[in-house]
Amino acid sequence: MDEIPLHLAEADIVISSTGAHEPIVLTEHVREAVAARRHRPVFMADIAVPRDIEAAVAEFEDVYLYTVDDLHNVIQDNLRSREEAARQAEAIIDTQVDAVMGWLNTRDAVPLIRALRSNAERTRDEALEKALAQLAGGRAPEEALKFLANTLTNKLVHHPTTALRSAGAQGRDDLLDAANHLLGLETSGDSHD
């Protein structure tokens, strides 16, 4: 048998890439090398075209042979994995862009929301102060609570009710629809006051 080329018995890693037209690392060379290595594993990469290492070498239990085709498959797997990751990243970006755009759009509503809350809190505080004064003056708790509830209801719905009547009188169905949507009301078409 020929001498084992390139000291195969001593190498843990073999990378081959020559311009040879036929395999230069033969099965019998590797068999001898594996025996001389006492079955210590060896990694072999054949990146030559045509191949430098005989294909049957891959059948040895202690040899891990990878060829250009294997590398190509790994590259294709990596590309598919990256493409999937890119699709996932695009979906995440789309979701976050929608969230940011929603947040940006709500910024215009923030002053109106603050004014609405401030007005409601002021109305609440005024009505509560009057109800507490009634309690301190000896009024029955039930009467003070009824006063508080009625006062809050009347004050909180007064301006919207006036605006809705005006919109109805002017035929402003767009405002009536918007109010219905904003206030989350279920109207049956009957007029209730």
# chains A, B, ... in the order shown; residues from 1 in each chain; ligands from 1
call {"tool": "select_by_dssp", "arguments": {"residues": "region 6-191 of chain A", "states": "alpha helix (DSSP H)", "output": "PyMOL selection string"}}
result
chain A and resi 27-36+68-107+110-136+141-169+173-183
call {"tool": "residues_around", "arguments": {"residues": "Lys146 (chain A)", "least_positions_apart": "5", "cutoff": "12 Å", "atoms": "only C-alpha atoms", "output": "list in words"}}
result
Ala127, Leu128, Lys130, Ala131, Gln134, Leu135, Arg139, Ala140, Pro141, Thr151, Leu152 and Thr153 of chain A
call {"tool": "residues_around", "arguments": {"residues": "Ala36 (chain A)", "least_positions_apart": "2", "cutoff": "12 Å", "atoms": "only C-alpha atoms", "output": "ChimeraX atom specification"}}
result
/A:4,7-11,29-34,38-42
call {"tool": "atom_distance", "arguments": {"atom1": "CA of Val68 (chain A)", "atom2": "CA of Thr18 (chain A)"}}
result
12.9 Å
call {"tool": "residues_around", "arguments": {"residues": "Asp46 (chain A)", "least_positions_apart": "2", "cutoff": "8 Å", "atoms": "only C-alpha atoms", "output": "list in words"}}
result
Ile15, Ser16, Ser17, Met44, Ala48, Arg51, Asp52, Ile53, Leu65, Tyr66, Thr67 and Val68 of chain A
